[in-house]
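Undergrad: Sharing structure.pdb below, PDB, C-alpha atoms:
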```pdb
MODEL        1
ATOM      1  CA  MET A  55       1.691  24.007 -13.977
ATOM      2  CA  GLU A  56      -1.039  23.571 -11.424
ATOM      3  CA  ILE A  57      -2.589  20.137 -10.888
ATOM      4  CA  GLN A  58      -5.605  19.166  -8.836
ATOM      5  CA  PHE A  59      -6.317  15.721  -7.507
ATOM      6  CA  VAL A  60      -7.736  13.933  -4.499
ATOM      7  CA  LEU A  61      -5.072  12.972  -1.969
ATOM      8  CA  ASN A  62      -6.149  10.720   0.869
ATOM      9  CA  GLN A  63      -9.779  11.757   0.366
ATOM     10  CA  LYS A  64      -9.044  15.504   0.281
ATOM     11  CA  GLN A  65      -8.972  17.735  -2.779
ATOM     12  CA  VAL A  66      -5.486  19.241  -3.216
ATOM     13  CA  THR A  67      -3.737  21.584  -5.607
ATOM     14  CA  ALA A  68      -0.022  21.373  -6.310
ATOM     15  CA  GLU A  69       2.549  22.887  -8.622
ATOM     16  CA  ALA A  70       4.452  20.503 -10.883
ATOM     17  CA  ALA A  71       6.707  20.877 -13.883
ATOM     18  CA  ALA A  72       5.975  18.641 -16.857
ATOM     19  CA  ASP A  73       8.788  16.272 -15.839
ATOM     20  CA  THR A  74       8.093  16.161 -12.071
ATOM     21  CA  VAL A  75       7.357  12.685 -10.739
ATOM     22  CA  LEU A  76       4.472  12.077  -8.369
ATOM     23  CA  LEU A  77       6.838  10.962  -5.597
ATOM     24  CA  ASP A  78       8.279  14.468  -5.342
ATOM     25  CA  VAL A  79       4.878  16.160  -5.297
ATOM     26  CA  LEU A  80       3.558  13.822  -2.609
ATOM     27  CA  ARG A  81       6.568  14.384  -0.378
ATOM     28  CA  GLY A  82       6.165  18.120  -0.900
ATOM     29  CA  LEU A  83       2.563  17.791   0.268
ATOM     30  CA  GLY A  84       3.742  16.145   3.497
ATOM     31  CA  CYS A  85       3.318  12.464   2.645
ATOM     32  CA  LYS A  86       6.579  11.275   4.172
ATOM     33  CA  SER A  87       5.591   7.598   3.938
ATOM     34  CA  VAL A  88       6.292   7.792   0.200
ATOM     35  CA  LYS A  89      10.024   7.184  -0.049
ATOM     36  CA  CYS A  90      12.664   7.172  -2.751
ATOM     37  CA  GLY A  91      14.758   4.038  -2.621
ATOM     38  CA  CYS A  92      16.020   3.395  -6.124
ATOM     39  CA  GLU A  93      14.541   5.786  -8.719
ATOM     40  CA  THR A  94      14.446   2.816 -11.096
ATOM     41  CA  THR A  95      11.070   1.207 -10.208
ATOM     42  CA  ASN A  96      12.784  -1.758  -8.571
ATOM     43  CA  CYS A  97      12.249  -1.420  -4.817
ATOM     44  CA  GLY A  98       8.582  -0.591  -4.136
ATOM     45  CA  LEU A  99       9.303   2.034  -1.457
ATOM     46  CA  CYS A 100       7.316   4.676  -3.339
ATOM     47  CA  THR A 101       4.143   2.571  -3.742
ATOM     48  CA  VAL A 102       0.862   4.496  -3.667
ATOM     49  CA  TRP A 103      -2.609   3.794  -5.005
ATOM     50  CA  ILE A 104      -3.924   5.711  -7.969
ATOM     51  CA  ASP A 105      -7.648   5.160  -8.304
ATOM     52  CA  GLY A 106      -7.253   2.150  -6.016
ATOM     53  CA  LYS A 107      -4.455   0.420  -7.945
ATOM     54  CA  SER A 108      -0.861   0.066  -6.753
ATOM     55  CA  ARG A 109       1.586   2.241  -8.663
ATOM     56  CA  LEU A 110       5.201   3.248  -8.200
ATOM     57  CA  SER A 111       5.101   7.002  -7.731
ATOM     58  CA  CYS A 112       8.703   7.382  -8.950
ATOM     59  CA  SER A 113       7.528   6.277 -12.397
ATOM     60  CA  VAL A 114       4.356   8.388 -12.647
ATOM     61  CA  LEU A 115       4.429  11.948 -13.893
ATOM     62  CA  ALA A 116       2.632  14.177 -11.425
ATOM     63  CA  VAL A 117       0.595  15.873 -14.159
ATOM     64  CA  SER A 118      -0.961  12.495 -15.033
ATOM     65  CA  VAL A 119      -2.875  12.350 -11.738
ATOM     66  CA  GLU A 120      -4.896  15.472 -12.556
ATOM     67  CA  GLY A 121      -8.481  14.639 -11.546
ATOM     68  CA  HIS A 122      -7.564  11.247 -10.088
ATOM     69  CA  GLU A 123      -7.515   9.862  -6.559
ATOM     70  CA  VAL A 124      -4.154   9.141  -4.910
ATOM     71  CA  THR A 125      -3.851   7.249  -1.630
ATOM     72  CA  THR A 126      -0.711   7.020   0.467
ATOM     73  CA  LEU A 127      -0.102   5.197   3.727
ATOM     74  CA  GLU A 128      -1.297   8.328   5.539
ATOM     75  CA  GLY A 129      -4.712   7.725   3.962
ATOM     76  CA  VAL A 130      -5.070   4.156   5.256
ATOM     77  CA  GLU A 131      -3.538   4.544   8.706
ATOM     78  CA  LYS A 132      -5.990   2.272  10.545
ATOM     79  CA  GLU A 133      -5.573  -0.636   8.126
ATOM     80  CA  ALA A 134      -1.829  -0.043   7.953
ATOM     81  CA  ALA A 135      -1.486  -0.126  11.735
ATOM     82  CA  GLU A 136      -3.513  -3.322  11.885
ATOM     83  CA  PHE A 137      -1.270  -5.085   9.381
ATOM     84  CA  GLY A 138       1.829  -3.479  10.904
ATOM     85  CA  ALA A 139       1.032  -5.245  14.169
ATOM     86  CA  PHE A 140       1.190  -8.569  12.320
ATOM     87  CA  LEU A 141       4.577  -7.597  10.833
ATOM     88  CA  ALA A 142       5.884  -6.703  14.276
ATOM     89  CA  GLY A 143       4.481  -9.932  15.702
ATOM     90  CA  GLU A 144       6.584 -11.898  13.230
ATOM     91  CA  GLY A 145       9.701  -9.766  13.754
ATOM     92  CA  ALA A 146       9.418  -8.646  10.147
ATOM     93  CA  GLU A 147       9.476  -4.877  10.571
ATOM     94  CA  GLN A 148      13.216  -4.599  11.362
ATOM     95  CA  CYS A 149      14.356  -1.089  10.354
ATOM     96  CA  GLY A 150      10.946  -0.239   8.838
ATOM     97  CA  PHE A 151      12.285   1.736   5.878
ATOM     98  CA  CYS A 152      10.510  -0.469   3.322
ATOM     99  CA  SER A 153       7.362  -0.952   5.409
ATOM    100  CA  PRO A 154       5.172   1.841   3.956
ATOM    101  CA  GLY A 155       5.463   0.664   0.340
ATOM    102  CA  PHE A 156       5.223  -2.969   1.379
ATOM    103  CA  ILE A 157       2.112  -2.338   3.468
ATOM    104  CA  MET A 158       0.462  -0.416   0.614
ATOM    105  CA  ASN A 159       1.013  -3.381  -1.690
ATOM    106  CA  VAL A 160      -0.214  -5.929   0.869
ATOM    107  CA  LEU A 161      -3.413  -3.952   1.445
ATOM    108  CA  ALA A 162      -3.935  -3.632  -2.320
ATOM    109  CA  MET A 163      -3.366  -7.358  -2.744
ATOM    110  CA  PHE A 164      -5.904  -8.074  -0.024
ATOM    111  CA  ARG A 165      -8.472  -6.017  -1.946
ATOM    112  CA  GLU A 166      -7.666  -7.536  -5.343
ATOM    113  CA  LEU A 167      -7.035 -11.235  -4.725
ATOM    114  CA  GLU A 168      -9.396 -13.610  -3.016
ATOM    115  CA  ASP A 169      -7.575 -16.077  -0.759
ATOM    116  CA  PRO A 170      -4.211 -16.037  -2.589
ATOM    117  CA  GLY A 171      -1.792 -18.901  -2.153
ATOM    118  CA  ILE A 172       1.841 -18.425  -1.195
ATOM    119  CA  ASP A 173       2.980 -18.364  -4.841
ATOM    120  CA  GLN A 174       0.427 -15.660  -5.715
ATOM    121  CA  ILE A 175       1.522 -13.608  -2.705
ATOM    122  CA  LYS A 176       5.185 -13.879  -3.695
ATOM    123  CA  GLU A 177       4.403 -12.914  -7.283
ATOM    124  CA  TYR A 178       2.254  -9.938  -6.253
ATOM    125  CA  LEU A 179       4.922  -8.609  -3.913
ATOM    126  CA  ALA A 180       7.972  -9.403  -6.064
ATOM    127  CA  GLY A 181       8.762  -5.712  -6.578
ATOM    128  CA  ASN A 182       9.023  -4.918  -2.859
ATOM    129  CA  LEU A 183      12.611  -5.156  -1.708
ATOM    130  CA  CYS A 184      13.633  -5.434   1.917
ATOM    131  CA  ARG A 185      17.228  -5.450   3.067
ATOM    132  CA  CYS A 186      16.794  -6.772   6.585
ATOM    133  CA  THR A 187      13.926  -9.241   7.126
ATOM    134  CA  GLY A 188      14.593 -12.202   4.869
ATOM    135  CA  TYR A 189      10.938 -12.217   3.660
ATOM    136  CA  MET A 190       9.745 -15.307   5.565
ATOM    137  CA  GLY A 191       8.500 -13.227   8.502
ATOM    138  CA  GLN A 192       6.692 -10.965   6.059
ATOM    139  CA  LEU A 193       5.006 -13.955   4.420
ATOM    140  CA  ARG A 194       3.924 -15.338   7.800
ATOM    141  CA  ALA A 195       2.530 -11.924   8.756
ATOM    142  CA  ILE A 196       0.559 -11.723   5.500
ATOM    143  CA  GLN A 197      -0.907 -15.180   5.957
ATOM    144  CA  LYS A 198      -1.876 -14.483   9.585
ATOM    145  CA  TYR A 199      -3.369 -11.121   8.654
ATOM    146  CA  MET A 200      -5.425 -12.648   5.846
ATOM    147  CA  GLN A 201      -6.605 -15.432   8.146
ATOM    148  CA  ALA A 202      -7.620 -12.910  10.821
ATOM    149  CA  LYS A 203      -9.489 -10.784   8.253
ATOM    150  CA  ALA A 204     -11.301 -13.864   6.913
ATOM    151  CA  GLU A 205     -12.346 -14.838  10.445
ATOM    152  CA  GLU A 206     -13.484 -11.261  11.088
ATOM    153  CA  ASN A 207     -15.561 -11.271   7.894
ATOM    154  CA  ASN A 208     -17.098 -14.645   8.749
ATOM    155  CA  SER A 209     -18.000 -13.373  12.227
ATOM    156  CA  GLN A 210     -19.627 -10.241  10.800
ATOM    157  CA  GLN A 211     -21.607 -12.293   8.290
ATOM    158  CA  GLY A 212     -22.808 -14.574  11.082
ATOM    159  CA  GLU A 213     -23.933 -11.578  13.150
ATOM    160  CA  GLU A 214     -25.788 -10.098  10.169
ATOM    161  CA  ALA A 215     -27.541 -13.407   9.476
ATOM    162  CA  GLY A 216     -28.567 -13.666  13.133
ATOM    163  CA  ALA A 217     -30.030 -10.150  13.071
ATOM    164  CA  ARG A 218     -32.429 -11.002  10.255
TER     165      ARG A 218
ENDMDL
END
```
How does the structure come out when it is put into structure tokens?
TA:
Amino acid sequence: MEIQFVLNQKQVTAEAAADTVLLDVLRGLGCKSVKCGCETTNCGLCTVWIDGKSRLSCSVLAVSVEGHEVTTLEGVEKEAAEFGAFLAGEGAEQCGFCSPGFIMNVLAMFRELEDPGIDQIKEYLAGNLCRCTGYMGQLRAIQKYMQAKAEENNSQQGEEAGAR
């Protein structure tokens, strides 16, 4: 059957059988950041946003996104690169295989939670598995990124107040 949805801010049409998962459709549309790691919803490599919320595309039937908005890492490249620099700065990117799904979840967390503590961060990202970093570098990168974004926001607010 034919499905239509918004992918990374562009209207797309794709063919999907009733049992086709979104992961397969997205990869077929060229979104190579969406990866299959486990097929059991345990690793987070296939994380995308559906209508702004993190979802595991290996567990979503493609037909269910008809009329919805799907965002992959390709759709948030600037933000992803910014956070990726923090990961690299902490030596937490290693092989990079898990990075796309991890970055999608970190960016979603940043949008959803206001100033999360370390326990909230760990809980939010519990479904993202990484085989080579040990997680501490990732946590440091998240904290530094969130601190930098808070400072950036404070600076922008100060500039806006001064312009009035």
Undergrad: I'd like to know which of A:Glu144, A:Cys152, A:Gly129, A:Asn62 is closest to Met190 in chain A, using all atoms listed in the file.
TA: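 Once distances to Met190 in chain A are computed over all atoms listed in the file, the minimum belongs to A:Glu144.
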Undergrad: (-5.3, -12.1, 6.3) in this file's frame - what residues fall within 10 Å of it? Use all atoms listed in the file and give the answer as a short mmCIF file (atom, residue, chain, number, x, y, z; two decimals) with C-alpha atoms, in the frame of the given file.
TA:
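Output file selection.cif is given in full below:
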```cif
data_model
loop_
_atom_site.label_atom_id
_atom_site.label_comp_id
_atom_site.auth_asym_id
_atom_site.auth_seq_id
_atom_site.Cartn_x
_atom_site.Cartn_y
_atom_site.Cartn_z
CA PHE A 137 -1.27 -5.08 9.38
CA PHE A 140 1.19 -8.57 12.32
CA VAL A 160 -0.21 -5.93 0.87
CA LEU A 161 -3.41 -3.95 1.44
CA PHE A 164 -5.90 -8.07 -0.02
CA ASP A 169 -7.58 -16.08 -0.76
CA PRO A 170 -4.21 -16.04 -2.59
CA ARG A 194 3.92 -15.34 7.80
CA ALA A 195 2.53 -11.92 8.76
CA ILE A 196 0.56 -11.72 5.50
CA GLN A 197 -0.91 -15.18 5.96
CA LYS A 198 -1.88 -14.48 9.59
CA TYR A 199 -3.37 -11.12 8.65
CA MET A 200 -5.42 -12.65 5.85
CA GLN A 201 -6.60 -15.43 8.15
CA ALA A 202 -7.62 -12.91 10.82
CA LYS A 203 -9.49 -10.78 8.25
CA ALA A 204 -11.30 -13.86 6.91
CA GLU A 205 -12.35 -14.84 10.44
CA GLU A 206 -13.48 -11.26 11.09
#
```
Undergrad: Give me the result of the PyMOL selection byres ((chain A and resi 98-104) around 9) on this file, residue by residue, as JSON, numbers by chain.
TA: {"A": [77, 87, 88, 89, 90, 91, 92, 95, 96, 97, 105, 106, 107, 108, 109, 110, 111, 112, 119, 122, 123, 124, 125, 126, 127, 151, 152, 153, 154, 155, 156, 157, 158, 159, 162, 179, 181, 182, 183]}
Undergrad: Rounded to one decimal, what separation in Å do you get between CA of Val60 in chain A and CA of Glu168 in chain A?
TA: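 Interatomic distance here is 27.6 Å.
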Undergrad: Could you tell me how far CA of Cys184 in chain A lies from CA of Gly150 in chain A, in Å and to one decimal?
TA: 9.1 Å
Undergrad: Here is a test: counting all atoms listed in the file, which residue of A:Gln58, A:Leu115, A:Lys176, A:Thr94 is nearest to Ala72 in chain A?
TA: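 Closest residue, counting all atoms listed in the file: A:Leu115.
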Undergrad: Would you work out the distance separating CA of Cys186 in chain A from CA of Ala139 in chain A, expressed in Å to one decimal?
TA: 17.6 Å
Undergrad: Can you list what the PyMOL selection byres ((chain A and resi 56) around 7) grabs from this structure, as an mmCIF file with C-alpha atoms, in the frame of the given file?
TA:
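This is the output file out.cif:
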```cif
data_model
loop_
_atom_site.group_PDB
_atom_site.id
_atom_site.type_symbol
_atom_site.label_atom_id
_atom_site.label_comp_id
_atom_site.auth_asym_id
_atom_site.auth_seq_id
_atom_site.Cartn_x
_atom_site.Cartn_y
_atom_site.Cartn_z
ATOM 1 C CA MET A 55 1.691 24.007 -13.977
ATOM 2 C CA ILE A 57 -2.589 20.137 -10.888
ATOM 3 C CA GLN A 58 -5.605 19.166 -8.836
ATOM 4 C CA THR A 67 -3.737 21.584 -5.607
ATOM 5 C CA ALA A 68 -0.022 21.373 -6.310
ATOM 6 C CA GLU A 69 2.549 22.887 -8.622
ATOM 7 C CA ALA A 70 4.452 20.503 -10.883
#
```
Undergrad: I'd like to see the residues matched by the PyMOL selection byres ((chain A and resi 73) around 10) on this file, and ideally I'd get them as number ranges by chain.
TA: A: 70-72, 74-76, 114-117
Undergrad: Point out the residue among A:Ala146, A:Gly212, A:Asp173, A:Leu80 with the least atom-to-atom distance to Gln192 in chain A, counting all atoms listed in the file.
TA: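 Selected residue with least distance to Gln192 in chain A: A:Ala146.
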Undergrad: Using all atoms listed in the file, which of the listed residues (A:Thr187, A:Gln211, A:Gln63, A:Ser118) sits closest to Glu147 in chain A?
TA: A:Thr187
Undergrad: Which neighbours of Leu83 in chain A fall inside 9 Å, counting all atoms listed in the file, when residues of the same chain fewer than 4 positions from it are skipped, and could you give them as a short mmCIF file (atom, residue, chain, number, x, y, z; two decimals) with C-alpha atoms, keeping the file's coordinate frame?
TA:
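So result38.cif came out as:
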```cif
data_model
loop_
_atom_site.label_atom_id
_atom_site.label_comp_id
_atom_site.auth_asym_id
_atom_site.auth_seq_id
_atom_site.Cartn_x
_atom_site.Cartn_y
_atom_site.Cartn_z
CA VAL A 66 -5.49 19.24 -3.22
CA ALA A 68 -0.02 21.37 -6.31
CA ASP A 78 8.28 14.47 -5.34
CA VAL A 79 4.88 16.16 -5.30
#
```
Undergrad: Could you complete range 80-104 of chain A so that it carries N, CA, C and O atoms, and give it back as a short mmCIF file (atom, residue, chain, number, x, y, z; two decimals), keeping the file's coordinate frame?
TA:
```cif
data_model
loop_
_atom_site.label_atom_id
_atom_site.label_comp_id
_atom_site.auth_asym_id
_atom_site.auth_seq_id
_atom_site.Cartn_x
_atom_site.Cartn_y
_atom_site.Cartn_z
N LEU A 80 4.15 14.37 -3.83
CA LEU A 80 3.56 13.82 -2.61
C LEU A 80 4.40 14.16 -1.38
O LEU A 80 3.87 14.53 -0.34
N ARG A 81 5.70 14.03 -1.51
CA ARG A 81 6.57 14.38 -0.38
C ARG A 81 6.46 15.87 -0.07
O ARG A 81 6.43 16.27 1.09
N GLY A 82 6.35 16.69 -1.10
CA GLY A 82 6.16 18.12 -0.90
C GLY A 82 4.85 18.46 -0.22
O GLY A 82 4.75 19.48 0.47
N LEU A 83 3.86 17.59 -0.38
CA LEU A 83 2.56 17.79 0.27
C LEU A 83 2.53 17.17 1.67
O LEU A 83 1.48 17.13 2.30
N GLY A 84 3.66 16.66 2.13
CA GLY A 84 3.74 16.14 3.50
C GLY A 84 3.57 14.65 3.66
O GLY A 84 3.53 14.15 4.78
N CYS A 85 3.48 13.92 2.57
CA CYS A 85 3.32 12.46 2.64
C CYS A 85 4.70 11.82 2.75
O CYS A 85 5.27 11.35 1.76
N LYS A 86 5.22 11.77 3.95
CA LYS A 86 6.58 11.28 4.17
C LYS A 86 6.67 9.75 4.13
O LYS A 86 7.78 9.20 4.12
N SER A 87 5.54 9.06 4.07
CA SER A 87 5.59 7.60 3.94
C SER A 87 6.06 7.19 2.55
O SER A 87 6.54 6.08 2.35
N VAL A 88 5.90 8.07 1.58
CA VAL A 88 6.29 7.79 0.20
C VAL A 88 7.79 8.09 0.10
O VAL A 88 8.21 9.23 0.22
N LYS A 89 8.57 7.04 -0.11
CA LYS A 89 10.02 7.18 -0.05
C LYS A 89 10.69 6.87 -1.38
O LYS A 89 10.17 6.08 -2.17
N CYS A 90 11.85 7.45 -1.57
CA CYS A 90 12.66 7.17 -2.75
C CYS A 90 13.76 6.20 -2.35
O CYS A 90 14.60 6.51 -1.51
N GLY A 91 13.74 5.03 -2.94
CA GLY A 91 14.76 4.04 -2.62
C GLY A 91 15.69 3.74 -3.77
O GLY A 91 16.86 3.46 -3.56
N CYS A 92 15.18 3.81 -5.00
CA CYS A 92 16.02 3.40 -6.12
C CYS A 92 15.92 4.31 -7.35
O CYS A 92 16.84 4.36 -8.14
N GLU A 93 14.81 4.96 -7.54
CA GLU A 93 14.54 5.79 -8.72
C GLU A 93 14.55 4.98 -10.01
O GLU A 93 14.68 5.54 -11.09
N THR A 94 14.44 3.67 -9.90
CA THR A 94 14.45 2.82 -11.10
C THR A 94 13.28 1.83 -11.12
O THR A 94 13.31 0.86 -11.86
N THR A 95 12.27 2.05 -10.32
CA THR A 95 11.07 1.21 -10.21
C THR A 95 11.38 -0.22 -9.78
O THR A 95 10.66 -1.15 -10.14
N ASN A 96 12.40 -0.41 -8.97
CA ASN A 96 12.78 -1.76 -8.57
C ASN A 96 12.56 -2.09 -7.10
O ASN A 96 12.69 -3.25 -6.73
N CYS A 97 12.26 -1.11 -6.25
CA CYS A 97 12.25 -1.42 -4.82
C CYS A 97 10.87 -1.39 -4.17
O CYS A 97 10.67 -2.03 -3.13
N GLY A 98 9.93 -0.64 -4.70
CA GLY A 98 8.58 -0.59 -4.14
C GLY A 98 8.39 0.39 -3.00
O GLY A 98 7.29 0.52 -2.47
N LEU A 99 9.42 1.11 -2.59
CA LEU A 99 9.30 2.03 -1.46
C LEU A 99 8.35 3.19 -1.74
O LEU A 99 7.79 3.77 -0.82
N CYS A 100 8.15 3.53 -2.98
CA CYS A 100 7.32 4.68 -3.34
C CYS A 100 5.89 4.28 -3.73
O CYS A 100 5.16 5.07 -4.32
N THR A 101 5.46 3.07 -3.35
CA THR A 101 4.14 2.57 -3.74
C THR A 101 3.01 3.41 -3.16
O THR A 101 2.98 3.71 -1.97
N VAL A 102 2.10 3.80 -4.03
CA VAL A 102 0.86 4.50 -3.67
C VAL A 102 -0.27 3.84 -4.45
O VAL A 102 -0.01 2.98 -5.30
N TRP A 103 -1.48 4.24 -4.19
CA TRP A 103 -2.61 3.79 -5.00
C TRP A 103 -3.09 4.97 -5.83
O TRP A 103 -3.27 6.07 -5.31
N ILE A 104 -3.29 4.72 -7.10
CA ILE A 104 -3.92 5.71 -7.97
C ILE A 104 -5.22 5.07 -8.43
O ILE A 104 -5.21 4.01 -9.04
#
```
